[in-house]
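Novice: Sending over target02.pdb (PDB, C-alpha atoms).
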```pdb
MODEL        1
ATOM      1  CA  MET A   1      82.447  93.007 138.284
ATOM      2  CA  TYR A   2      83.629  93.480 134.696
ATOM      3  CA  ASN A   3      80.497  91.859 133.248
ATOM      4  CA  GLU A   4      78.180  94.367 134.952
ATOM      5  CA  ILE A   5      79.797  97.563 133.628
ATOM      6  CA  ARG A   6      77.687  99.786 131.387
ATOM      7  CA  LEU A   7      79.713 100.735 128.313
ATOM      8  CA  GLU A   8      78.884 104.030 126.619
ATOM      9  CA  LYS A   9      80.462 106.539 124.241
ATOM     10  CA  GLY A  10      81.074 109.035 127.009
ATOM     11  CA  LEU A  11      83.957 106.954 128.355
ATOM     12  CA  TYR A  12      86.018 108.250 125.429
ATOM     13  CA  ASN A  13      85.332 111.887 126.200
ATOM     14  CA  LEU A  14      86.314 112.275 129.851
ATOM     15  CA  ALA A  15      88.720 115.176 130.323
ATOM     16  CA  GLY A  16      92.300 114.097 130.860
ATOM     17  CA  LYS A  17      91.534 110.363 130.637
ATOM     18  CA  SER A  18      91.850 107.768 127.944
ATOM     19  CA  PHE A  19      89.160 105.146 127.430
ATOM     20  CA  LEU A  20      91.338 102.540 129.144
ATOM     21  CA  GLN A  21      92.004 104.817 132.139
ATOM     22  CA  ALA A  22      88.281 105.479 132.504
ATOM     23  CA  LEU A  23      87.566 101.754 132.276
ATOM     24  CA  GLU A  24      90.280 100.906 134.807
ATOM     25  CA  GLU A  25      88.765 103.342 137.322
ATOM     26  CA  ILE A  26      85.451 101.514 137.071
ATOM     27  CA  ASP A  27      86.996  98.049 136.997
ATOM     28  CA  PRO A  28      90.518  98.126 138.558
ATOM     29  CA  THR A  29      92.867  95.378 137.456
ATOM     30  CA  ALA A  30      94.203  95.183 141.020
ATOM     31  CA  ASN A  31      90.919  93.568 142.058
ATOM     32  CA  TYR A  32      91.732  90.519 139.940
ATOM     33  CA  GLU A  33      95.174  89.677 141.296
ATOM     34  CA  GLY A  34      95.531  85.955 141.875
ATOM     35  CA  THR A  35      92.532  85.103 139.675
ATOM     36  CA  PRO A  36      92.400  83.718 136.102
ATOM     37  CA  LEU A  37      91.632  87.282 134.936
ATOM     38  CA  GLY A  38      94.665  88.777 136.679
ATOM     39  CA  GLY A  39      96.713  88.931 133.485
ATOM     40  CA  LEU A  40      94.131  90.998 131.604
ATOM     41  CA  ASP A  41      93.575  94.749 131.648
ATOM     42  CA  ALA A  42      90.107  96.316 131.816
ATOM     43  CA  PHE A  43      89.685  96.394 128.015
ATOM     44  CA  GLU A  44      90.763  92.771 127.610
ATOM     45  CA  ARG A  45      88.257  91.736 130.267
ATOM     46  CA  GLN A  46      85.510  93.392 128.213
ATOM     47  CA  LEU A  47      86.614  91.447 125.150
ATOM     48  CA  LYS A  48      86.219  88.296 127.229
ATOM     49  CA  ARG A  49      82.826  89.460 128.457
ATOM     50  CA  PHE A  50      81.496  89.776 124.902
ATOM     51  CA  ASP A  51      83.446  86.733 123.688
ATOM     52  CA  ILE A  52      85.367  88.745 121.081
ATOM     53  CA  LYS A  53      88.507  86.924 119.927
ATOM     54  CA  ILE A  54      90.945  89.260 118.174
ATOM     55  CA  SER A  55      93.606  86.664 117.300
ATOM     56  CA  GLY A  56      94.229  82.945 117.072
ATOM     57  CA  GLU A  57      92.659  80.108 115.141
ATOM     58  CA  ASN A  58      89.102  81.073 116.110
ATOM     59  CA  CYS A  59      89.586  84.803 115.540
ATOM     60  CA  ASP A  60      86.317  86.680 115.043
ATOM     61  CA  ARG A  61      85.351  89.053 112.265
ATOM     62  CA  VAL A  62      84.957  92.819 112.567
ATOM     63  CA  GLU A  63      81.174  92.519 112.779
ATOM     64  CA  LYS A  64      81.487  90.722 116.161
ATOM     65  CA  PHE A  65      82.113  94.092 117.820
ATOM     66  CA  PHE A  66      78.690  95.289 116.641
ATOM     67  CA  VAL A  67      76.499  92.484 117.979
ATOM     68  CA  THR A  68      75.336  94.854 120.746
ATOM     69  CA  THR A  69      75.458  98.616 121.245
ATOM     70  CA  GLU A  70      77.729  98.131 124.263
ATOM     71  CA  SER A  71      80.257  95.877 122.545
ATOM     72  CA  ALA A  72      80.440  98.427 119.702
ATOM     73  CA  VAL A  73      81.914 100.883 122.215
ATOM     74  CA  LEU A  74      85.014  98.675 122.377
ATOM     75  CA  PHE A  75      85.823  98.965 118.668
ATOM     76  CA  PRO A  76      87.664 102.336 118.735
ATOM     77  CA  GLU A  77      89.985 101.016 121.457
ATOM     78  CA  PHE A  78      90.728  97.985 119.285
ATOM     79  CA  VAL A  79      91.594 100.321 116.396
ATOM     80  CA  ARG A  80      93.707 102.554 118.636
ATOM     81  CA  ARG A  81      95.688  99.615 120.008
ATOM     82  CA  ALA A  82      96.391  98.236 116.544
ATOM     83  CA  VAL A  83      97.570 101.598 115.169
ATOM     84  CA  THR A  84      99.645 102.245 118.302
ATOM     85  CA  ALA A  85     101.224  98.792 118.067
ATOM     86  CA  GLY A  86     102.417  99.691 114.566
ATOM     87  CA  MET A  87     103.826 102.988 115.783
ATOM     88  CA  GLU A  88     105.774 101.169 118.481
ATOM     89  CA  GLU A  89     107.415  98.983 115.819
ATOM     90  CA  SER A  90     109.110 102.093 114.421
ATOM     91  CA  VAL A  91     112.666 103.064 115.449
ATOM     92  CA  LEU A  92     111.315 106.255 117.043
ATOM     93  CA  GLY A  93     111.561 104.855 120.567
ATOM     94  CA  GLU A  94     115.266 104.124 120.009
ATOM     95  CA  LEU A  95     115.981 107.828 119.389
ATOM     96  CA  VAL A  96     114.036 109.547 122.165
ATOM     97  CA  ALA A  97     115.654 110.400 125.493
ATOM     98  CA  VAL A  98     112.517 111.774 127.156
ATOM     99  CA  LYS A  99     108.845 112.279 126.323
ATOM    100  CA  THR A 100     107.101 115.448 127.458
ATOM    101  CA  VAL A 101     103.333 115.944 127.500
ATOM    102  CA  SER A 102     102.370 119.558 126.818
ATOM    103  CA  ASP A 103      98.985 120.979 127.787
ATOM    104  CA  CYS A 104      98.710 122.930 124.532
ATOM    105  CA  ASN A 105      99.987 122.912 120.958
ATOM    106  CA  GLN A 106     102.800 125.340 121.703
ATOM    107  CA  TYR A 107     105.849 124.459 123.761
ATOM    108  CA  ARG A 108     108.638 126.570 125.173
ATOM    109  CA  GLY A 109     111.593 124.583 126.394
ATOM    110  CA  TYR A 110     114.957 125.846 127.586
ATOM    111  CA  SER A 111     118.505 126.208 126.361
ATOM    112  CA  VAL A 112     121.701 125.126 128.104
ATOM    113  CA  THR A 113     124.884 127.183 127.731
ATOM    114  CA  GLU A 114     128.300 126.154 129.055
ATOM    115  CA  THR A 115     131.158 128.500 128.181
ATOM    116  CA  THR A 116     133.784 126.851 130.386
ATOM    117  CA  PRO A 117     134.822 123.207 130.076
ATOM    118  CA  TYR A 118     134.627 120.793 132.997
ATOM    119  CA  THR A 119     138.291 119.816 132.670
ATOM    120  CA  THR A 120     139.799 122.343 135.060
ATOM    121  CA  SER A 121     139.551 122.759 138.815
ATOM    122  CA  THR A 122     138.599 126.036 140.457
ATOM    123  CA  ALA A 123     141.013 127.897 142.673
ATOM    124  CA  GLU A 124     139.874 129.014 146.116
ATOM    125  CA  GLY A 125     138.171 132.382 145.998
ATOM    126  CA  THR A 126     137.490 132.078 142.274
ATOM    127  CA  ALA A 127     133.983 131.956 140.856
ATOM    128  CA  LEU A 128     132.841 128.507 139.789
ATOM    129  CA  PRO A 129     132.285 127.856 136.078
ATOM    130  CA  GLU A 130     128.668 128.408 135.085
ATOM    131  CA  THR A 131     126.086 126.258 133.387
ATOM    132  CA  SER A 132     123.266 128.531 132.284
ATOM    133  CA  ILE A 133     119.778 127.095 131.857
ATOM    134  CA  LYS A 134     117.383 129.645 130.389
ATOM    135  CA  GLU A 135     113.916 129.556 128.937
ATOM    136  CA  SER A 136     114.019 129.470 125.156
ATOM    137  CA  ALA A 137     113.404 132.792 123.487
ATOM    138  CA  ASP A 138     110.822 131.316 121.150
ATOM    139  CA  SER A 139     108.137 128.677 121.542
ATOM    140  CA  VAL A 140     107.711 125.904 119.008
ATOM    141  CA  ASN A 141     104.441 124.855 117.449
ATOM    142  CA  LEU A 142     103.536 121.186 117.597
ATOM    143  CA  LEU A 143     103.086 119.528 114.210
ATOM    144  CA  LYS A 144     100.133 117.334 113.310
ATOM    145  CA  PHE A 145     100.831 113.874 111.932
ATOM    146  CA  GLY A 146      97.764 111.970 110.869
ATOM    147  CA  ARG A 147      95.915 109.927 108.327
ATOM    148  CA  LEU A 148      92.423 109.947 106.863
ATOM    149  CA  ILE A 149      91.226 106.345 106.628
ATOM    150  CA  THR A 150      88.362 105.526 104.301
ATOM    151  CA  ALA A 151      86.752 102.133 104.744
ATOM    152  CA  SER A 152      83.043 101.442 104.702
ATOM    153  CA  TYR A 153      81.594  99.075 107.288
ATOM    154  CA  GLU A 154      80.345  96.873 104.477
ATOM    155  CA  ALA A 155      83.895  96.531 103.157
ATOM    156  CA  VAL A 156      85.437  95.394 106.446
ATOM    157  CA  ARG A 157      82.626  93.763 108.428
ATOM    158  CA  MET A 158      83.492  90.242 107.255
ATOM    159  CA  GLN A 159      87.261  90.657 107.625
ATOM    160  CA  ARG A 160      88.988  88.690 110.374
ATOM    161  CA  LEU A 161      90.062  90.958 113.204
ATOM    162  CA  ASP A 162      93.688  89.808 113.090
ATOM    163  CA  VAL A 163      93.894  90.625 109.363
ATOM    164  CA  PHE A 164      92.293  94.042 109.878
ATOM    165  CA  ALA A 165      94.695  94.684 112.764
ATOM    166  CA  VAL A 166      97.682  94.076 110.461
ATOM    167  CA  THR A 167      96.390  96.786 108.110
ATOM    168  CA  LEU A 168      95.948  99.196 111.025
ATOM    169  CA  ARG A 169      99.423  98.339 112.358
ATOM    170  CA  SER A 170     100.863  99.129 108.944
ATOM    171  CA  ILE A 171      99.203 102.550 109.006
ATOM    172  CA  GLY A 172     100.612 103.176 112.478
ATOM    173  CA  LYS A 173     104.126 102.165 111.489
ATOM    174  CA  LYS A 174     104.149 104.412 108.419
ATOM    175  CA  LEU A 175     102.772 107.265 110.504
ATOM    176  CA  ALA A 176     105.600 106.805 113.014
ATOM    177  CA  ASP A 177     108.120 106.669 110.173
ATOM    178  CA  ALA A 178     106.947 110.133 109.134
ATOM    179  CA  MET A 179     107.610 111.264 112.698
ATOM    180  CA  VAL A 180     111.099 109.739 112.512
ATOM    181  CA  ASN A 181     111.746 111.888 109.454
ATOM    182  CA  SER A 182     111.028 114.972 111.562
ATOM    183  CA  ALA A 183     113.230 113.666 114.394
ATOM    184  CA  VAL A 184     116.129 113.024 111.996
ATOM    185  CA  THR A 185     115.867 116.581 110.647
ATOM    186  CA  VAL A 186     116.074 117.992 114.186
ATOM    187  CA  LEU A 187     119.059 115.783 115.059
ATOM    188  CA  LYS A 188     121.001 116.781 111.932
ATOM    189  CA  THR A 189     120.338 120.506 112.134
ATOM    190  CA  GLY A 190     123.318 122.315 113.637
ATOM    191  CA  ALA A 191     125.084 119.096 114.674
ATOM    192  CA  GLU A 192     128.886 118.920 114.662
ATOM    193  CA  SER A 193     129.889 117.158 111.450
ATOM    194  CA  GLN A 194     132.882 115.358 110.016
ATOM    195  CA  THR A 195     133.517 113.931 106.569
ATOM    196  CA  ILE A 196     134.701 110.464 105.579
ATOM    197  CA  SER A 197     138.427 110.270 104.887
ATOM    198  CA  GLY A 198     138.202 108.538 101.497
ATOM    199  CA  SER A 199     135.807 108.100  98.622
ATOM    200  CA  ALA A 200     133.735 105.429 100.376
ATOM    201  CA  LEU A 201     132.635 104.698 103.932
ATOM    202  CA  ALA A 202     135.355 102.840 105.838
ATOM    203  CA  PHE A 203     135.845 101.214 109.231
ATOM    204  CA  SER A 204     138.100 104.094 110.293
ATOM    205  CA  ASP A 205     135.286 106.590 109.626
ATOM    206  CA  ILE A 206     132.980 104.743 112.015
ATOM    207  CA  THR A 207     135.609 104.533 114.757
ATOM    208  CA  SER A 208     136.526 108.186 114.227
ATOM    209  CA  LEU A 209     132.896 109.204 114.721
ATOM    210  CA  PHE A 210     132.725 107.021 117.822
ATOM    211  CA  GLY A 211     135.907 108.617 119.168
ATOM    212  CA  SER A 212     134.625 112.154 118.634
ATOM    213  CA  PHE A 213     132.174 111.807 121.533
ATOM    214  CA  ASN A 214     133.621 113.206 124.747
ATOM    215  CA  SER A 215     131.166 113.718 127.606
ATOM    216  CA  TYR A 216     128.672 111.368 125.992
ATOM    217  CA  ASP A 217     128.847 107.964 124.330
ATOM    218  CA  MET A 218     127.728 107.037 120.848
ATOM    219  CA  THR A 219     125.044 104.611 122.005
ATOM    220  CA  ALA A 220     123.340 104.506 118.600
ATOM    221  CA  LEU A 221     124.234 105.056 114.979
ATOM    222  CA  VAL A 222     121.389 105.964 112.616
ATOM    223  CA  ALA A 223     121.901 105.249 108.933
ATOM    224  CA  SER A 224     120.073 104.355 105.735
ATOM    225  CA  PRO A 225     119.610 100.697 104.775
ATOM    226  CA  LYS A 226     122.419 101.059 102.206
ATOM    227  CA  ASN A 227     124.896 102.361 104.770
ATOM    228  CA  ILE A 228     123.882  99.858 107.446
ATOM    229  CA  ALA A 229     124.561  97.089 104.922
ATOM    230  CA  ALA A 230     127.973  98.609 104.169
ATOM    231  CA  ILE A 231     128.860  98.759 107.863
ATOM    232  CA  ILE A 232     127.899  95.204 108.762
ATOM    233  CA  SER A 233     129.801  93.884 105.727
ATOM    234  CA  MET A 234     133.077  95.506 106.812
ATOM    235  CA  GLU A 235     135.777  92.906 107.385
ATOM    236  CA  GLN A 236     136.705  94.411 110.766
ATOM    237  CA  PHE A 237     133.217  93.645 112.102
ATOM    238  CA  SER A 238     133.208  90.066 110.849
ATOM    239  CA  ASP A 239     132.170  87.652 113.612
ATOM    240  CA  ALA A 240     132.123  90.535 116.120
ATOM    241  CA  LEU A 241     128.527  91.760 115.755
ATOM    242  CA  THR A 242     125.889  90.918 118.337
ATOM    243  CA  ALA A 243     122.181  91.676 118.709
ATOM    244  CA  ASP A 244     120.194  93.188 121.569
ATOM    245  CA  GLU A 245     116.865  91.904 122.919
ATOM    246  CA  LYS A 246     114.980  93.729 120.133
ATOM    247  CA  GLY A 247     117.119  92.259 117.379
ATOM    248  CA  ASN A 248     119.099  95.445 116.730
ATOM    249  CA  ILE A 249     122.672  94.849 115.587
ATOM    250  CA  VAL A 250     125.275  96.054 118.088
ATOM    251  CA  LEU A 251     128.849  96.940 117.139
ATOM    252  CA  PRO A 252     131.740  95.553 119.212
ATOM    253  CA  PHE A 253     132.135  98.854 121.095
ATOM    254  CA  GLY A 254     128.480  98.848 122.177
ATOM    255  CA  THR A 255     126.899 101.134 119.591
ATOM    256  CA  LYS A 256     123.480 100.035 118.358
ATOM    257  CA  LEU A 257     122.827 100.201 114.609
ATOM    258  CA  ILE A 258     119.469 101.773 113.758
ATOM    259  CA  LYS A 259     118.326 101.325 110.168
ATOM    260  CA  SER A 260     116.019 104.056 108.926
ATOM    261  CA  SER A 261     114.833 104.913 105.434
ATOM    262  CA  GLN A 262     114.150 108.415 106.740
ATOM    263  CA  ILE A 263     117.838 109.334 106.570
ATOM    264  CA  ASP A 264     119.594 109.873 103.239
ATOM    265  CA  ASP A 265     122.559 107.864 101.959
ATOM    266  CA  ASN A 266     124.930 110.837 102.388
ATOM    267  CA  THR A 267     124.557 111.212 106.155
ATOM    268  CA  ILE A 268     125.127 109.020 109.197
ATOM    269  CA  ILE A 269     124.070 110.235 112.642
ATOM    270  CA  GLY A 270     125.754 109.218 115.868
ATOM    271  CA  ILE A 271     123.799 109.939 119.050
ATOM    272  CA  ASP A 272     123.753 109.306 122.740
ATOM    273  CA  SER A 273     120.093 108.356 122.844
ATOM    274  CA  ARG A 274     119.957 109.028 126.598
ATOM    275  CA  TYR A 275     120.578 112.761 126.107
ATOM    276  CA  ALA A 276     119.951 113.809 122.514
ATOM    277  CA  LEU A 277     116.252 114.187 121.778
ATOM    278  CA  GLU A 278     113.070 115.357 123.482
ATOM    279  CA  PHE A 279     109.702 114.179 122.160
ATOM    280  CA  VAL A 280     106.967 116.722 122.946
ATOM    281  CA  THR A 281     103.315 115.817 122.421
ATOM    282  CA  SER A 282      99.986 117.273 123.470
ATOM    283  CA  SER A 283      98.047 114.018 123.261
ATOM    284  CA  GLU A 284      98.149 110.349 122.556
ATOM    285  CA  LEU A 285      96.622 109.075 119.332
ATOM    286  CA  VAL A 286      93.403 110.990 118.572
ATOM    287  CA  MET A 287      90.550 109.299 116.701
ATOM    288  CA  GLU A 288      86.965 110.039 115.736
ATOM    289  CA  THR A 289      85.473 107.463 118.073
ATOM    290  CA  ASP A 290      81.797 108.233 117.455
ATOM    291  CA  LYS A 291      82.088 107.366 113.767
ATOM    292  CA  LEU A 292      83.676 104.021 114.602
ATOM    293  CA  ILE A 293      81.055 103.153 117.197
ATOM    294  CA  ASP A 294      78.187 104.107 114.883
ATOM    295  CA  ARG A 295      79.689 102.134 111.957
ATOM    296  CA  GLN A 296      80.126 105.370 109.959
ATOM    297  CA  MET A 297      83.617 104.394 108.853
ATOM    298  CA  ASP A 298      83.471 105.888 105.363
ATOM    299  CA  ALA A 299      86.081 108.409 106.538
ATOM    300  CA  PHE A 300      87.700 108.721 109.944
ATOM    301  CA  THR A 301      91.008 110.175 111.075
ATOM    302  CA  VAL A 302      93.844 109.157 113.367
ATOM    303  CA  SER A 303      96.343 111.825 114.370
ATOM    304  CA  CYS A 304      98.652 113.187 117.037
ATOM    305  CA  ASN A 305     100.362 116.525 117.607
ATOM    306  CA  LEU A 306     104.053 116.554 118.419
ATOM    307  CA  VAL A 307     107.435 118.165 117.896
ATOM    308  CA  PHE A 308     111.042 117.186 118.566
ATOM    309  CA  ARG A 309     113.715 119.244 120.307
ATOM    310  CA  LYS A 310     117.416 118.618 120.570
ATOM    311  CA  LEU A 311     118.466 118.577 124.231
ATOM    312  CA  MET A 312     122.238 118.291 124.607
ATOM    313  CA  ALA A 313     123.856 119.550 121.392
ATOM    314  CA  ASP A 314     127.090 117.597 121.878
ATOM    315  CA  ALA A 315     125.163 114.316 122.257
ATOM    316  CA  VAL A 316     124.665 114.343 118.464
ATOM    317  CA  LYS A 317     127.312 114.235 115.723
ATOM    318  CA  THR A 318     127.052 113.509 112.031
ATOM    319  CA  LEU A 319     129.245 111.884 109.415
ATOM    320  CA  SER A 320     128.988 113.163 105.850
ATOM    321  CA  LEU A 321     129.593 110.812 102.937
ATOM    322  CA  ALA A 322     129.130 113.453 100.248
TER     323      ALA A 322
ENDMDL
END
```
Have the structure of the file written as structure tokens, please.
Specialist:
Amino acid sequence: MYNEIRLEKGLYNLAGKSFLQALEEIDPTANYEGTPLGGLDAFERQLKRFDIKISGENCDRVEKFFVTTESAVLFPEFVRRAVTAGMEESVLGELVAVKTVSDCNQYRGYSVTETTPYTTSTAEGTALPETSIKESADSVNLLKFGRLITASYEAVRMQRLDVFAVTLRSIGKKLADAMVNSAVTVLKTGAESQTISGSALAFSDITSLFGSFNSYDMTALVASPKNIAAIISMEQFSDALTADEKGNIVLPFGTKLIKSSQIDDNTIIGIDSRYALEFVTSSELVMETDKLIDRQMDAFTVSCNLVFRKLMADAVKTLSLA
């Protein structure tokens, strides 16, 4: 049972497994189906075991994790979840078509070449048009995105866990925003571009960009806060905007508006988010767990290694306002 498990630091250092995966192997959630604990994962059951409340009116303080040496082992997972929750609040997930896990910090993808359009049929006895998929000539190095966090145990021990989690979420969100900046650079580089017809962004420029997509659809439009505000204030969109389940504004022709401060005011990017971008990473969020468990929090790091690659070149187009 969950209350008989021995928690130790080594659960964070098993090859190819996260702490949660290691915990789930020892205490499978499937064993609790149909019970009051069925809605909890293995980590959440350990919080219940040690009576650690991380939210709500009776939320505990950081020091509650360190009542015993075993409950202290849970603290890095709490930190990881809070930082990851902030990262998931970023728009990054709205841009990525596929996530690839690489076994090292170098990645060699492939390139797709199509010299003949799909619009014509092939006569009998004639060779079929070719789509060439070849390994990329060069590998790409994964980039490290991370943060050094300095916070002594004495400074945070009396803080409520929900308040501390907000700070960690903020760090995660800003970290993901830095990743978005890298993704935007990859999307813009080499993309087919058109320029607005007048001196200011107009409704016709947005529809022209939408109409320039052929094989793909413009499922998302990425723009700065200034340009998003200009778009939603256009008279033609009055009373015709809707919102998806995440609260993103959707244009009448189905394109989702993605507001990002990581794109400048002179560029708008239209993408088919199902085909445009590959997210390559060698690991999930990496932390110095021993320092957190031993209350040596004067300086610890959170980081991940990743790189972005454009997949289908014609699934991305840009609109220049300059």
Novice: Around the point (112.8, 126.6, 127.2) (coordinates from the file), which residues reach within 8 Å if we count only C-alpha atoms? Answer as a list in words.
Specialist: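 Returned residue set, sorted by chain then number, is Arg108, Gly109, Tyr110, Ser111, Lys134, Glu135, Ser136, Ala137, Asp138 and Ser139 of chain A.
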Novice: Select, from A:Glu114, A:Asp298, A:Asp177, A:Glu4, the residue with the minimum atom-to-atom distance to Glu89 in chain A, counting all atoms listed in the file.
Specialist: A:Asp177
Novice: Determine, counting only C-alpha atoms, which protein, DNA and RNA residues have an atom within 9 Å of an atom of Glu88 in chain A; residues of the same chain fewer than 4 positions away are not included. Present the result as a ChimeraX atom specification.
Specialist: /A:83-84,92-93,172-173,176
Novice: Mind telling me what the PyMOL selection byres ((chain A and resi 141) around 12) catches here, as a list in words?
Specialist: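 Here the PyMOL selection byres ((chain A and resi 141) around 12) matches Ser102, Cys104, Asn105, Gln106, Tyr107, Arg108, Gly109, Asp138, Ser139, Val140, Leu142, Leu143, Lys144, Val280, Thr281, Ser282, Asn305, Leu306, Val307, Phe308 and Arg309 of chain A.
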Novice: Suppose you want the space between CA of Ile26 in chain A and CA of Ala82 in chain A; what is it in Å?
Specialist: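 These two atoms are separated by 23.5 Å.
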Novice: Need the shell around Val91 in chain A: protein/DNA/RNA residues with any atom at most 8 Å away, counting only C-alpha atoms. Skip same-chain ones fewer than 6 positions apart. Format as a list of chain:residue names?
Specialist: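 Skipping anything fewer than 6 positions along the chain leaves A:Asp177, A:Val180, A:Ile258, A:Lys259, A:Ser260.
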Novice: Written as an NGL selection string, what is the full residue list that the PyMOL selection byres ((chain A and resi 190-194) around 8) yields on the file shown?
Specialist: :A and (187-189 or 195-196 or 209 or 313-314 or 316-320)
Novice: Filtering to C-alpha atoms, could you give me those residues as a short mmCIF file (atom, residue, chain, number, x, y, z; two decimals), keeping the file's coordinate frame?
Specialist:
```cif
data_model
loop_
_atom_site.label_atom_id
_atom_site.label_comp_id
_atom_site.auth_asym_id
_atom_site.auth_seq_id
_atom_site.Cartn_x
_atom_site.Cartn_y
_atom_site.Cartn_z
CA LEU A 187 119.06 115.78 115.06
CA LYS A 188 121.00 116.78 111.93
CA THR A 189 120.34 120.51 112.13
CA THR A 195 133.52 113.93 106.57
CA ILE A 196 134.70 110.46 105.58
CA LEU A 209 132.90 109.20 114.72
CA ALA A 313 123.86 119.55 121.39
CA ASP A 314 127.09 117.60 121.88
CA VAL A 316 124.66 114.34 118.46
CA LYS A 317 127.31 114.24 115.72
CA THR A 318 127.05 113.51 112.03
CA LEU A 319 129.24 111.88 109.42
CA SER A 320 128.99 113.16 105.85
#
```
Novice: Taking all atoms listed in the file into account, which of A:Ser71, A:Val184, A:Pro129, A:Glu154 comes nearest Thr113 in chain A?
Specialist: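 Among the listed residues, the smallest separation from Thr113 in chain A belongs to A:Pro129.
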Novice: For Tyr216 in chain A, work out the shell of residues within 12 Å, counting all atoms listed in the file and skipping chain neighbours fewer than 2 positions away, then give it as a list in words.
Specialist: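 Here the answer would be Phe210, Gly211, Ser212, Phe213, Asn214, Met218, Thr219, Ala220, Gly270, Ile271, Asp272, Ser273, Arg274, Tyr275, Ala276, Met312, Ala313, Asp314, Ala315, Val316 and Lys317 of chain A.
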Novice: At a cut-off of 9 Å, using only C-alpha atoms, what residues contact range 232-242 of chain A? Leave out same-chain residues fewer than 6 positions from it and give the result as an NGL selection string.
Specialist: :A and (202-203 or 248-252)
Novice: Have a look at A:Val112, A:Leu20, A:Asp205, A:Arg80 and name the one nearest to Leu168 in chain A; count all atoms listed in the file.
Specialist: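 Checking each candidate against Leu168 in chain A, we get A:Arg80 as the closest.
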Novice: To verify the selection step, state as a ChimeraX atom specification which residues the PyMOL selection byres ((chain A and resi 42) around 12) yields on this input.
Specialist: /A:1-3,5,7,19-32,37-41,43-49,74,77
Novice: Go ahead and compute the interatomic distance for CA of Ile54 in chain A and CA of Thr289 in chain A, in Å to one decimal.
Specialist: 19.0 Å
Novice: Let me know the centre plus edge lengths, in Å and rounded to one decimal, of a box with edges along x, y and z that contains all listed atoms of range 21-33 of chain A and is padded by 5 Å on every side, as JSON.
Specialist:
```
{"center_x": 90.3, "center_y": 97.6, "center_z": 137.1, "size_x": 19.7, "size_y": 25.8, "size_z": 19.9}
```
Novice: Can you list, as a PyMOL selection string, every protein, DNA or RNA residue that comes within 9 Å of Lys99 in chain A when you count only C-alpha atoms, leaving out same-chain residues fewer than 2 positions away?
Specialist: chain A and resi 96-97+101+277-281
Novice: What's the separation between CA of Gln159 in chain A and CA of Asp60 in chain A, in Å to one decimal place?
Specialist: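 Those two atoms sit 8.5 Å apart.
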Novice: Go through A:Arg6, A:Arg169, A:Glu124, A:Lys310 and flag the residue nearest Thr68 in chain A, using only C-alpha atoms for the distances.
Specialist: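 Ranking A:Arg6, A:Arg169, A:Glu124, A:Lys310 by distance to Thr68 in chain A, first place goes to A:Arg6.
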Novice: My list of candidates is A:Ala229, A:Gln262, A:Ala223, A:Val286. Which is closest to Asn181 in chain A when distances are computed with all atoms listed in the file?
Specialist: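 Ranked by minimum distance to Asn181 in chain A, first place goes to A:Gln262.
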Novice: Any chance you could turn range 120-138 of chain A into a file with C-alpha atoms, as a CSV table (one decimal), in the first residue's frame?
Specialist:
```
chain,number,residue,atom,x,y,z
A,120,THR,CA,-1.5,16.9,-62.2
A,121,SER,CA,-2.3,13.2,-63.0
A,122,THR,CA,0.3,10.8,-64.3
A,123,ALA,CA,0.0,9.2,-67.7
A,124,GLU,CA,0.3,5.5,-68.0
A,125,GLY,CA,3.9,4.4,-68.4
A,126,THR,CA,5.2,7.7,-67.0
A,127,ALA,CA,7.2,7.9,-63.8
A,128,LEU,CA,5.2,9.1,-60.8
A,129,PRO,CA,6.2,12.4,-59.2
A,130,GLU,CA,8.6,12.1,-56.4
A,131,THR,CA,8.6,13.2,-52.8
A,132,SER,CA,12.2,12.8,-51.5
A,133,ILE,CA,12.7,12.3,-47.8
A,134,LYS,CA,16.4,12.4,-46.9
A,135,GLU,CA,18.4,12.6,-43.7
A,136,SER,CA,19.6,16.2,-43.1
A,137,ALA,CA,23.1,16.9,-44.0
A,138,ASP,CA,23.9,18.5,-40.7
```
